[in-house]
file run_28.cif (mmCIF, N, CA and C atoms)
data_structure
loop_
_atom_site.label_atom_id
_atom_site.label_comp_id
_atom_site.auth_asym_id
_atom_site.auth_seq_id
_atom_site.Cartn_x
_atom_site.Cartn_y
_atom_site.Cartn_z
N MET A 10 60.63 135.44 20.59
CA MET A 10 61.88 135.99 20.11
C MET A 10 61.59 137.34 19.45
N ASN A 11 62.39 138.33 19.78
CA ASN A 11 62.23 139.66 19.22
C ASN A 11 63.03 139.81 17.95
N LYS A 12 62.88 140.97 17.32
CA LYS A 12 63.67 141.26 16.13
C LYS A 12 65.16 141.33 16.48
N THR A 13 65.97 141.02 15.49
CA THR A 13 67.41 141.10 15.68
C THR A 13 67.82 142.56 15.89
N LYS A 14 68.70 142.77 16.84
CA LYS A 14 69.20 144.10 17.13
C LYS A 14 70.71 144.10 16.92
N MET A 15 71.22 145.19 16.38
CA MET A 15 72.64 145.31 16.15
C MET A 15 73.13 146.58 16.84
N ALA A 16 74.25 146.45 17.52
CA ALA A 16 74.86 147.61 18.17
C ALA A 16 76.35 147.60 17.85
N TYR A 17 76.86 148.78 17.50
CA TYR A 17 78.29 148.92 17.25
C TYR A 17 78.86 149.89 18.26
N PHE A 18 79.91 149.45 18.95
CA PHE A 18 80.56 150.27 19.95
C PHE A 18 81.89 150.74 19.35
N GLU A 19 81.87 151.95 18.81
CA GLU A 19 82.99 152.46 18.03
C GLU A 19 84.30 152.53 18.81
N ALA A 20 84.24 153.00 20.03
CA ALA A 20 85.47 153.16 20.81
C ALA A 20 86.19 151.83 21.01
N GLU A 21 85.42 150.75 21.17
CA GLU A 21 86.00 149.43 21.38
C GLU A 21 86.08 148.61 20.10
N ASP A 22 85.46 149.08 19.02
CA ASP A 22 85.36 148.38 17.74
C ASP A 22 84.74 147.00 17.91
N ILE A 23 83.59 146.99 18.60
CA ILE A 23 82.85 145.75 18.86
C ILE A 23 81.49 145.83 18.20
N LEU A 24 81.13 144.78 17.47
CA LEU A 24 79.81 144.66 16.88
C LEU A 24 79.06 143.57 17.64
N HIS A 25 77.86 143.90 18.10
CA HIS A 25 77.06 142.94 18.85
C HIS A 25 75.73 142.74 18.13
N LEU A 26 75.44 141.49 17.78
CA LEU A 26 74.17 141.13 17.17
C LEU A 26 73.37 140.33 18.18
N ALA A 27 72.21 140.83 18.54
CA ALA A 27 71.34 140.13 19.49
C ALA A 27 70.12 139.63 18.74
N ILE A 28 69.88 138.32 18.79
CA ILE A 28 68.71 137.77 18.12
C ILE A 28 67.61 137.42 19.11
N SER A 29 67.91 137.62 20.38
CA SER A 29 66.93 137.38 21.44
C SER A 29 67.30 138.25 22.62
N ASP A 30 66.30 138.63 23.41
CA ASP A 30 66.60 139.41 24.61
C ASP A 30 66.68 138.52 25.86
N GLU A 31 66.80 137.22 25.63
CA GLU A 31 66.96 136.28 26.75
C GLU A 31 68.31 136.51 27.43
N PRO A 32 68.41 136.16 28.70
CA PRO A 32 69.70 136.30 29.37
C PRO A 32 70.71 135.27 28.86
N GLU A 33 71.96 135.67 28.87
CA GLU A 33 73.03 134.78 28.42
C GLU A 33 73.34 133.75 29.49
N GLY A 34 73.36 132.48 29.08
CA GLY A 34 73.71 131.40 29.99
C GLY A 34 75.18 131.06 29.92
N ARG A 35 75.71 131.12 28.72
CA ARG A 35 77.14 130.86 28.51
C ARG A 35 77.52 131.37 27.13
N SER A 36 78.80 131.31 26.84
CA SER A 36 79.28 131.73 25.52
C SER A 36 80.35 130.76 25.04
N ILE A 37 80.51 130.74 23.72
CA ILE A 37 81.49 129.86 23.09
C ILE A 37 82.31 130.70 22.11
N GLU A 38 83.62 130.60 22.19
CA GLU A 38 84.47 131.29 21.23
C GLU A 38 84.50 130.46 19.95
N LEU A 39 83.94 131.02 18.87
CA LEU A 39 83.90 130.33 17.59
C LEU A 39 85.24 130.42 16.87
N SER A 40 85.87 131.55 16.98
CA SER A 40 87.20 131.79 16.41
C SER A 40 87.74 133.02 17.14
N PRO A 41 89.01 133.32 16.94
CA PRO A 41 89.52 134.52 17.61
C PRO A 41 88.64 135.73 17.26
N ASN A 42 88.22 136.45 18.26
CA ASN A 42 87.42 137.67 18.13
C ASN A 42 85.95 137.45 17.82
N ILE A 43 85.47 136.21 17.73
CA ILE A 43 84.06 135.96 17.47
C ILE A 43 83.52 135.01 18.55
N THR A 44 82.50 135.49 19.27
CA THR A 44 81.92 134.73 20.35
C THR A 44 80.42 134.56 20.13
N ALA A 45 79.94 133.33 20.28
CA ALA A 45 78.51 133.04 20.22
C ALA A 45 77.97 133.06 21.65
N GLU A 46 76.87 133.77 21.84
CA GLU A 46 76.23 133.84 23.15
C GLU A 46 75.02 132.91 23.14
N LEU A 47 74.90 132.08 24.16
CA LEU A 47 73.84 131.08 24.23
C LEU A 47 72.98 131.29 25.48
N ASN A 48 71.72 130.88 25.38
CA ASN A 48 70.86 130.91 26.57
C ASN A 48 71.10 129.65 27.38
N ASP A 49 70.32 129.46 28.44
CA ASP A 49 70.51 128.29 29.30
C ASP A 49 70.20 126.97 28.60
N LYS A 50 69.44 127.01 27.50
CA LYS A 50 69.11 125.80 26.74
C LYS A 50 70.15 125.49 25.66
N GLY A 51 71.16 126.36 25.53
CA GLY A 51 72.19 126.17 24.51
C GLY A 51 71.81 126.73 23.16
N GLU A 52 70.76 127.55 23.11
CA GLU A 52 70.32 128.15 21.85
C GLU A 52 71.03 129.48 21.63
N LEU A 53 71.34 129.76 20.38
CA LEU A 53 72.03 131.01 20.03
C LEU A 53 71.14 132.21 20.30
N ILE A 54 71.66 133.18 21.04
CA ILE A 54 70.91 134.40 21.31
C ILE A 54 71.66 135.64 20.85
N GLY A 55 72.94 135.49 20.50
CA GLY A 55 73.71 136.65 20.06
C GLY A 55 75.10 136.28 19.60
N ILE A 56 75.71 137.24 18.93
CA ILE A 56 77.10 137.08 18.45
C ILE A 56 77.83 138.38 18.73
N GLU A 57 79.05 138.26 19.23
CA GLU A 57 79.89 139.42 19.49
C GLU A 57 81.14 139.30 18.63
N ILE A 58 81.46 140.38 17.92
CA ILE A 58 82.65 140.40 17.06
C ILE A 58 83.57 141.51 17.53
N LEU A 59 84.76 141.12 17.98
CA LEU A 59 85.79 142.08 18.36
C LEU A 59 86.57 142.48 17.12
N ASN A 60 87.17 143.65 17.12
CA ASN A 60 87.88 144.17 15.93
C ASN A 60 86.95 144.09 14.72
N ALA A 61 85.73 144.55 14.91
CA ALA A 61 84.67 144.39 13.93
C ALA A 61 84.97 145.05 12.59
N SER A 62 85.57 146.22 12.59
CA SER A 62 85.80 146.92 11.32
C SER A 62 86.75 146.11 10.42
N ALA A 63 87.79 145.52 10.99
CA ALA A 63 88.71 144.70 10.20
C ALA A 63 88.02 143.42 9.74
N PHE A 64 87.20 142.81 10.61
CA PHE A 64 86.49 141.60 10.24
C PHE A 64 85.54 141.85 9.06
N ILE A 65 84.78 142.91 9.13
CA ILE A 65 83.83 143.22 8.06
C ILE A 65 84.57 143.57 6.78
N ARG A 66 85.60 144.39 6.89
CA ARG A 66 86.40 144.75 5.71
C ARG A 66 86.95 143.50 5.03
N ASP A 67 87.56 142.61 5.82
CA ASP A 67 88.16 141.40 5.25
C ASP A 67 87.10 140.49 4.65
N SER A 68 85.96 140.37 5.30
CA SER A 68 84.86 139.53 4.78
C SER A 68 84.35 140.05 3.45
N ILE A 69 84.18 141.36 3.36
CA ILE A 69 83.70 141.96 2.12
C ILE A 69 84.73 141.80 1.01
N LEU A 70 85.99 142.04 1.33
CA LEU A 70 87.05 141.89 0.32
C LEU A 70 87.13 140.46 -0.20
N GLU A 71 87.04 139.48 0.68
CA GLU A 71 87.08 138.08 0.26
C GLU A 71 85.89 137.76 -0.64
N SER A 72 84.73 138.26 -0.29
CA SER A 72 83.53 138.00 -1.08
C SER A 72 83.63 138.63 -2.46
N VAL A 73 84.11 139.86 -2.51
CA VAL A 73 84.25 140.57 -3.79
C VAL A 73 85.31 139.89 -4.65
N GLN A 74 86.43 139.51 -4.06
CA GLN A 74 87.49 138.85 -4.82
C GLN A 74 87.00 137.52 -5.39
N ALA A 75 86.26 136.76 -4.61
CA ALA A 75 85.73 135.48 -5.09
C ALA A 75 84.77 135.71 -6.25
N LYS A 76 83.93 136.72 -6.15
CA LYS A 76 82.98 137.03 -7.21
C LYS A 76 83.72 137.47 -8.48
N MET A 77 84.75 138.28 -8.31
CA MET A 77 85.52 138.77 -9.46
C MET A 77 86.22 137.60 -10.15
N LEU A 78 86.74 136.64 -9.37
CA LEU A 78 87.40 135.47 -9.96
C LEU A 78 86.40 134.63 -10.75
N SER A 79 85.19 134.48 -10.21
CA SER A 79 84.20 133.67 -10.92
C SER A 79 83.73 134.39 -12.19
N LEU A 80 83.67 135.70 -12.18
CA LEU A 80 83.30 136.45 -13.38
C LEU A 80 84.39 136.41 -14.44
N ALA A 81 85.64 136.37 -14.00
CA ALA A 81 86.76 136.35 -14.93
C ALA A 81 86.80 135.03 -15.70
N LYS A 82 86.25 133.99 -15.14
CA LYS A 82 86.25 132.68 -15.81
C LYS A 82 85.18 132.57 -16.88
N VAL A 83 84.22 133.50 -16.86
CA VAL A 83 83.10 133.44 -17.81
C VAL A 83 83.51 133.94 -19.16
#

call {"tool": "encode", "arguments": {"input": "run_28.cif", "output": "structure tokens"}}
result
Amino acid sequence: MNKTKMAYFEAEDILHLAISDEPEGRSIELSPNITAELNDKGELIGIEILNASAFIRDSILESVQAKMLSLAKV
């Protein structure tokens, strides 16, 4: 297994994370806009995120808001 590679395709707003350079055997939609890529053995080899900028923005905002709420309780 090689190092993880990340590629962002700005025009399409797609983020692709490859954790292996093995060929894709099949894919599974984990949720809208997020697809897991699997090899022929069913092992995870990559993840594709459509509308990546909104996904990352929303993920960061949720994380920050949760942290702020936990700090406010202290």

call {"tool": "atom_distance", "arguments": {"input": "run_28.cif", "atom1": "atom N of Lys82 (chain A)", "atom2": "CA of Arg66 (chain A)"}}
result
23.5 Å

call {"tool": "residues_around", "arguments": {"input": "run_28.cif", "residues": "Ala16 (chain A)", "least_positions_apart": "2", "cutoff": "6 Å", "atoms": "all atoms listed in the file", "output": "list in words"}}
result
Lys14, Phe18, Ile23, Leu24, His25 and Leu26 of chain A

call {"tool": "atom_distance", "arguments": {"input": "run_28.cif", "atom1": "atom N of Ser72 (chain A)", "atom2": "CA of Asp22 (chain A)"}}
result
20.7 Å

call {"tool": "atom_distance", "arguments": {"input": "run_28.cif", "atom1": "CA of Ser29 (chain A)", "atom2": "CA of Ala63 (chain A)"}}
result
25.6 Å

call {"tool": "resolve_selection", "arguments": {"input": "run_28.cif", "expression": "the PyMOL selection byres ((chain A and resi 51-56) around 6.5)", "output": "number ranges by chain"}}
result
A: 24-29, 44-50, 57-58

call {"tool": "select_by_dssp", "arguments": {"input": "run_28.cif", "residues": "region 13-75 of chain A", "states": "alpha helix (DSSP H)", "output": "list of chain:residue names"}}
result
A:Ala61, A:Ser62, A:Ala63, A:Phe64, A:Ile65, A:Arg66, A:Asp67, A:Ser68, A:Ile69, A:Leu70, A:Glu71, A:Ser72, A:Val73, A:Gln74, A:Ala75

call {"tool": "select_by_dssp", "arguments": {"input": "run_28.cif", "residues": "chain A", "states": "strand (DSSP E)", "output": "PyMOL selection string"}}
result
chain A and resi 14-18+23-27+35-40+43-47+53-59

call {"tool": "closest_residue", "arguments": {"input": "run_28.cif", "among": "A:Leu59, A:Ile37, A:Ile69, A:Ala75", "to": "Glu21 (chain A)", "atoms": "only N, CA and C atoms"}}
result
A:Leu59
